[in-house]
Amino acid sequence: MADYAPLKFSVPEPTGRPGDEPDFTGIEIPEAGSARRPEIDAKASSMKELASTMVRVLDDDGNAVGPWADGLDDEELLKGLKNMIRVRIYDERMMTMQRQGKTSFYMKCTGEEAIAIGFQAATRKGDMNFPTYRQQGLLLATDYPMVDMICQILSNSRDPLKGRQLPIMYSSKEHGFFTISGNLGTQFIQAVGWAMASAIKGDTKIASGWIGDGSTAETDFHAALVNASVYKPPIVLNVVNNQWAISSFRGIAGGDDATFAERALGYDIAALRVDGNDYLAVHSASKWAIERARRGFGPTFIEWVTYRVAPHSTSDDPSQYRPKEESEAWPLGDPIERLKTHLINKGVWSEERQTQAESEFNDEVRAATKEAEKYGVMGSGSSPKDMFDDVFKEMPQHLREQRQKLGV
Amino acid sequence: MPQMSMIEAIRDAMDVKLGLDEDVVVYGEDVGYFGGVFRCTHGLQKKHGVSRVFDTPINESGIVGTAIGMAAYGLRPCVEIQFADYIYPAYDQIVSEAARMRYRSNGDFTSPITIRTPCGGGIFGGQTHSQSPEALFTHIAGVKTVIPSNPYDAKGLLISAIEDDDPVIFFEPKRLYNGPFDGHHDRPASNWSKHPLGDVPEGHYTVPIGKASIFSEGNDVTILTYGTMVFVAEAVKAETGIDAEIIDLRSLLPLDIDTIVESVKKTGRCMVLHEATLTSGFGAELSAQVQERCFYHLEAPVVRVAGWDTPYPHAQEWDYFPGPKRVGQELRNMMEAV
Ligand SMILES: Cc1ncc(C[n+]2csc(CCOP(=O)(O)OP(=O)(O)O)c2C)c(N)n1
Ligand SMILES: [Mg+2]
């Protein structure tokens, strides 16, 4: 007995903290084009290595290579690029509005734009996303009016959610955008339920669950996996691994030595690990998984490898917990730059057109902002009367009395 | 004595206990390296080491579940749930496990854990950063529920909670973290540096769980309240000139019913004030107990003033929050009654 050394308690640490040099040597980046592309009806157990490698299409020179490079024509690619630029400019503008005191709170998705934009381009009308707060791109890629989004950011009289919900927690059934919950993880299992219903009803719609790397620790994440495993519903389970959960790096969610995608294997769910900053890879993998789901071959788990360039939210200061230069050093680069280079190589885009697109979207966002501000900022224009509606379908007597008491 | 904010006082309580008792551990989401999103554990990891103060996965049921296991081993975990709004995934562990451990094992196993969590609104946090779920815990047999309103009480109560041999839910009204807040949101915020209750002794002291404090003496009406609403009540007293006795309950369960009864018998009137939703709120319990024990001393019905029975809205925060205007009106009405 005496030969047992005292046990030690271990808490994982990231490779760098403020003041350190960023160090991503632990993140292996396989060559673009090296990952195999199985048939969409492949058994999960026949493609296990795709949970550990990385599906990548764009190589370092911006060329599209390998079996996942497929099908998108120039027009579709240009649309993807433009949508990403639009999201980034939207985010910047909303962040500024927060600093100007026109909204209480904002969260950007900087560096992660390709994931939502590329994924959404592979869905069909009627499909349902169950997004997190960092998937504004899913909504901006639809025809949902930007002015309405900003009205919610401003909590004004035209806020579609009537001031009741936090600014960034959009909701639009019509646009396949499930109402966002602030409670992490809860929607991952709901997405599975939605997909189960689609199968029960003999429909052809698919659901997409969204969750962050940190939130995979929630119990609901595991509930989603076991239910998806058992019922094989038409769903894509998306984990956006942007390396950070506020101040905690992915290792605090158990994602350091094992990949997040590998978790699916124990549940016999097909899993892909994808370069989330590579628009072509994102779109191709999304299309594969969505087609697989829609053809009745069951769920796919996708880990999108990316980096949270932005602070967690407007209330956060990342310089307190990670090296300042980390986002610069991120080995998968910037999704907009990478697609831009690809399109310039192909001769269908140029720096001038990029600048022009940026200025067009700046104008669009500026005009939408101006329009939205007419209806009030920072809660002005919201009505206390709206507070009592929609708690129930019919307002019960006690709420009517409370509303009267407030005099509205 | 040093002047502390509520954040500093809470941090100091953990610091003192970590120093005095090797069995105390502190953990939660963003609690270790970063020191908590409200900075309540800032510097504690550096001082006491990673085995005593650490970050956890985002898994509230796991945070409480591991705490229960550690406590069964013999530790005294003091864990943080980042916002009270996120305590629900841990609810099963609290209700079905921590609360019943002693009872179901005939005292063989116990759960001396403290669960700290910021509660209440007033920070424009919408429905997921503003809730006051205290009644969900006072309804559970086997957990204690406390809620301080100031730095002095916060430190003393937190030390008591960590030393308590039963599970304690420790609510921290986040709007009071940096200063007393009387509900006048349009006025400049004040801080604790000039407030007498920001005067916090160094080292170890306790404020007993189960003992209310008479925050302000008065003769004409008793206001039973806790957390953020204590300062709203104080403002209303000043603004209306009504001679109210304000009781800061501090501990909801166990409840200091003797202090309450004595006061209501003296004043003959009772208002119950909390930020949480009205229906089945803790105010219902208070109102029932006052009515049972003071019926023949009451000159008017017990009045409850609380948050409306809606989810906590975002933009309409100040219409929802029972601020000085609404509370003042209710108080005047009840003084005119009879
Ligand atoms: C149940 C629950 N617990 C805690 C929080 C507080 N919180 C909000 S975001 C966040 C980090 C989430 O990180 P991740 O899942 O990686 O998503 P990311 O922000 O990186 O997109 C935390 C802890 C919450 N919203 N809900
Ligand atoms: Mg993350």
# chains A, B, ... in the order shown; residues from 1 in each chain; ligands from 1
>>> closest_atom_pairs(of="region 144-192 of chain B", to="region 16-32 of chain B", cutoff="9 Å", atoms="only C-alpha atoms", output="CSV")
residue,atom,partner,partner_atom,distance
B:Ile159,CA,B:Lys17,CA,6.9
B:Ile162,CA,B:Lys17,CA,7.8
B:Glu163,CA,B:Lys17,CA,8.7
>>> write_last_selection(atoms="N, CA and C atoms", output="short mmCIF file (atom, residue, chain, number, x, y, z; two decimals), in the first residue's frame")
data_model
loop_
_atom_site.label_atom_id
_atom_site.label_comp_id
_atom_site.auth_asym_id
_atom_site.auth_seq_id
_atom_site.Cartn_x
_atom_site.Cartn_y
_atom_site.Cartn_z
N ILE B 159 -19.79 33.11 5.49
CA ILE B 159 -18.96 32.27 6.38
C ILE B 159 -19.86 31.29 7.15
N ILE B 162 -20.89 28.48 4.74
CA ILE B 162 -19.83 27.48 4.48
C ILE B 162 -19.64 26.59 5.71
N GLU B 163 -19.83 27.16 6.90
CA GLU B 163 -19.64 26.37 8.12
C GLU B 163 -20.87 25.54 8.47
#
>>> closest_atom_pairs(of="chain A", to="ligand 2", cutoff="9 Å", atoms="only C-alpha atoms and all ligand atoms", output="JSON lines")
{"residue": "A:Ile211", "atom": "CA", "partner": "ligand 2", "partner_atom_place_in_ligand_line": "1 (Mg)", "distance": 8.5}
{"residue": "A:Gly212", "atom": "CA", "partner": "ligand 2", "partner_atom_place_in_ligand_line": "1 (Mg)", "distance": 4.7}
{"residue": "A:Asp213", "atom": "CA", "partner": "ligand 2", "partner_atom_place_in_ligand_line": "1 (Mg)", "distance": 4.7}
{"residue": "A:Gly214", "atom": "CA", "partner": "ligand 2", "partner_atom_place_in_ligand_line": "1 (Mg)", "distance": 5.3}
{"residue": "A:Ser215", "atom": "CA", "partner": "ligand 2", "partner_atom_place_in_ligand_line": "1 (Mg)", "distance": 7.6}
{"residue": "A:Val239", "atom": "CA", "partner": "ligand 2", "partner_atom_place_in_ligand_line": "1 (Mg)", "distance": 9.0}
{"residue": "A:Val240", "atom": "CA", "partner": "ligand 2", "partner_atom_place_in_ligand_line": "1 (Mg)", "distance": 6.7}
{"residue": "A:Asn241", "atom": "CA", "partner": "ligand 2", "partner_atom_place_in_ligand_line": "1 (Mg)", "distance": 5.6}
{"residue": "A:Asn242", "atom": "CA", "partner": "ligand 2", "partner_atom_place_in_ligand_line": "1 (Mg)", "distance": 4.6}
{"residue": "A:Gln243", "atom": "CA", "partner": "ligand 2", "partner_atom_place_in_ligand_line": "1 (Mg)", "distance": 5.4}
{"residue": "A:Trp244", "atom": "CA", "partner": "ligand 2", "partner_atom_place_in_ligand_line": "1 (Mg)", "distance": 4.2}
{"residue": "A:Ala245", "atom": "CA", "partner": "ligand 2", "partner_atom_place_in_ligand_line": "1 (Mg)", "distance": 4.2}
{"residue": "A:Ile246", "atom": "CA", "partner": "ligand 2", "partner_atom_place_in_ligand_line": "1 (Mg)", "distance": 7.2}
{"residue": "A:Ser248", "atom": "CA", "partner": "ligand 2", "partner_atom_place_in_ligand_line": "1 (Mg)", "distance": 8.5}
{"residue": "A:Phe249", "atom": "CA", "partner": "ligand 2", "partner_atom_place_in_ligand_line": "1 (Mg)", "distance": 7.9}
{"residue": "A:Arg250", "atom": "CA", "partner": "ligand 2", "partner_atom_place_in_ligand_line": "1 (Mg)", "distance": 7.3}
{"residue": "A:Tyr307", "atom": "CA", "partner": "ligand 2", "partner_atom_place_in_ligand_line": "1 (Mg)", "distance": 8.1}
{"residue": "A:Arg308", "atom": "CA", "partner": "ligand 2", "partner_atom_place_in_ligand_line": "1 (Mg)", "distance": 6.9}
{"residue": "A:His312", "atom": "CA", "partner": "ligand 2", "partner_atom_place_in_ligand_line": "1 (Mg)", "distance": 8.5}
>>> write_last_selection(atoms="N, CA, C and O atoms", output="short mmCIF file (atom, residue, chain, number, x, y, z; two decimals), in the first residue's frame")
data_model
loop_
_atom_site.label_atom_id
_atom_site.label_comp_id
_atom_site.auth_asym_id
_atom_site.auth_seq_id
_atom_site.Cartn_x
_atom_site.Cartn_y
_atom_site.Cartn_z
N ILE A 211 -24.68 24.45 -30.89
CA ILE A 211 -24.18 24.57 -29.51
C ILE A 211 -22.71 24.97 -29.56
O ILE A 211 -22.02 24.67 -30.54
N GLY A 212 -22.23 25.65 -28.52
CA GLY A 212 -20.82 26.04 -28.47
C GLY A 212 -19.98 24.95 -27.82
O GLY A 212 -20.51 24.05 -27.15
N ASP A 213 -18.67 25.02 -28.01
CA ASP A 213 -17.77 24.02 -27.41
C ASP A 213 -17.98 23.92 -25.89
O ASP A 213 -18.10 22.84 -25.33
N GLY A 214 -18.05 25.09 -25.24
CA GLY A 214 -18.20 25.09 -23.78
C GLY A 214 -19.51 24.45 -23.36
O GLY A 214 -19.56 23.69 -22.38
N SER A 215 -20.56 24.72 -24.11
CA SER A 215 -21.88 24.24 -23.73
C SER A 215 -22.08 22.75 -23.98
O SER A 215 -23.08 22.18 -23.54
N VAL A 239 -21.58 21.58 -33.50
CA VAL A 239 -20.82 22.13 -32.38
C VAL A 239 -19.85 23.17 -32.94
O VAL A 239 -18.98 22.83 -33.75
N VAL A 240 -20.03 24.41 -32.53
CA VAL A 240 -19.11 25.44 -32.99
C VAL A 240 -17.97 25.54 -31.97
O VAL A 240 -18.12 26.11 -30.89
N ASN A 241 -16.87 24.92 -32.32
CA ASN A 241 -15.71 24.92 -31.43
C ASN A 241 -14.83 26.12 -31.74
O ASN A 241 -13.94 26.06 -32.58
N ASN A 242 -15.14 27.23 -31.05
CA ASN A 242 -14.36 28.46 -31.27
C ASN A 242 -13.29 28.62 -30.19
O ASN A 242 -12.79 29.70 -29.96
N GLN A 243 -12.94 27.54 -29.55
CA GLN A 243 -11.82 27.43 -28.60
C GLN A 243 -12.07 28.04 -27.24
O GLN A 243 -11.39 27.72 -26.27
N TRP A 244 -13.05 28.93 -27.11
CA TRP A 244 -13.26 29.60 -25.84
C TRP A 244 -14.73 29.61 -25.44
O TRP A 244 -15.62 29.67 -26.29
N ALA A 245 -14.96 29.55 -24.14
CA ALA A 245 -16.29 29.73 -23.55
C ALA A 245 -16.09 30.79 -22.46
O ALA A 245 -15.57 30.49 -21.39
N ILE A 246 -16.45 32.02 -22.77
CA ILE A 246 -16.03 33.17 -21.97
C ILE A 246 -14.53 33.02 -21.68
O ILE A 246 -13.74 33.05 -22.62
N SER A 248 -13.00 30.30 -20.35
CA SER A 248 -12.55 28.92 -20.27
C SER A 248 -12.19 28.38 -21.65
O SER A 248 -13.01 28.48 -22.57
N PHE A 249 -11.02 27.80 -21.79
CA PHE A 249 -10.64 27.25 -23.10
C PHE A 249 -11.30 25.89 -23.28
O PHE A 249 -11.89 25.33 -22.35
N ARG A 250 -11.21 25.35 -24.49
CA ARG A 250 -11.98 24.14 -24.83
C ARG A 250 -11.66 22.96 -23.91
O ARG A 250 -12.48 22.07 -23.72
N TYR A 307 -12.32 29.99 -34.42
CA TYR A 307 -11.77 30.76 -33.31
C TYR A 307 -12.65 31.97 -33.02
O TYR A 307 -13.06 32.68 -33.95
N ARG A 308 -12.94 32.19 -31.74
CA ARG A 308 -13.75 33.35 -31.34
C ARG A 308 -12.86 34.59 -31.31
O ARG A 308 -12.22 34.87 -30.30
N HIS A 312 -16.24 37.68 -25.74
CA HIS A 312 -17.44 36.89 -25.57
C HIS A 312 -18.69 37.73 -25.83
O HIS A 312 -19.61 37.33 -26.54
#
>>> interface_residues(of="chain B", to="chain A", cutoff="7 Å", atoms="only C-alpha atoms", output="PyMOL selection string")
chain B and resi 30+34+51+56-59+86+124+126-128+308-310+313-316+319
>>> closest_residue(among="B:Ser130, B:Ser190, B:Asn178, B:Asn150", to="ligand 1", atoms="only C-alpha atoms and all ligand atoms")
B:Ser130
>>> residues_around(residues="Ser111 (chain B)", least_positions_apart="4", cutoff="9 Å", atoms="only C-alpha atoms", output="list in words")
Ala67, Ile68, Gly69, Met70, Ala71, Ala72, Arg76, Glu97, Ala98, Ala99, Arg100, Met101, Arg102, Asp165, Asp166 and Pro167 of chain B
>>> closest_residue(among="A:Ile200, A:Ala329, A:Leu161, A:Ile180", to="ligand 1", atoms="only C-alpha atoms and all ligand atoms")
A:Ile180
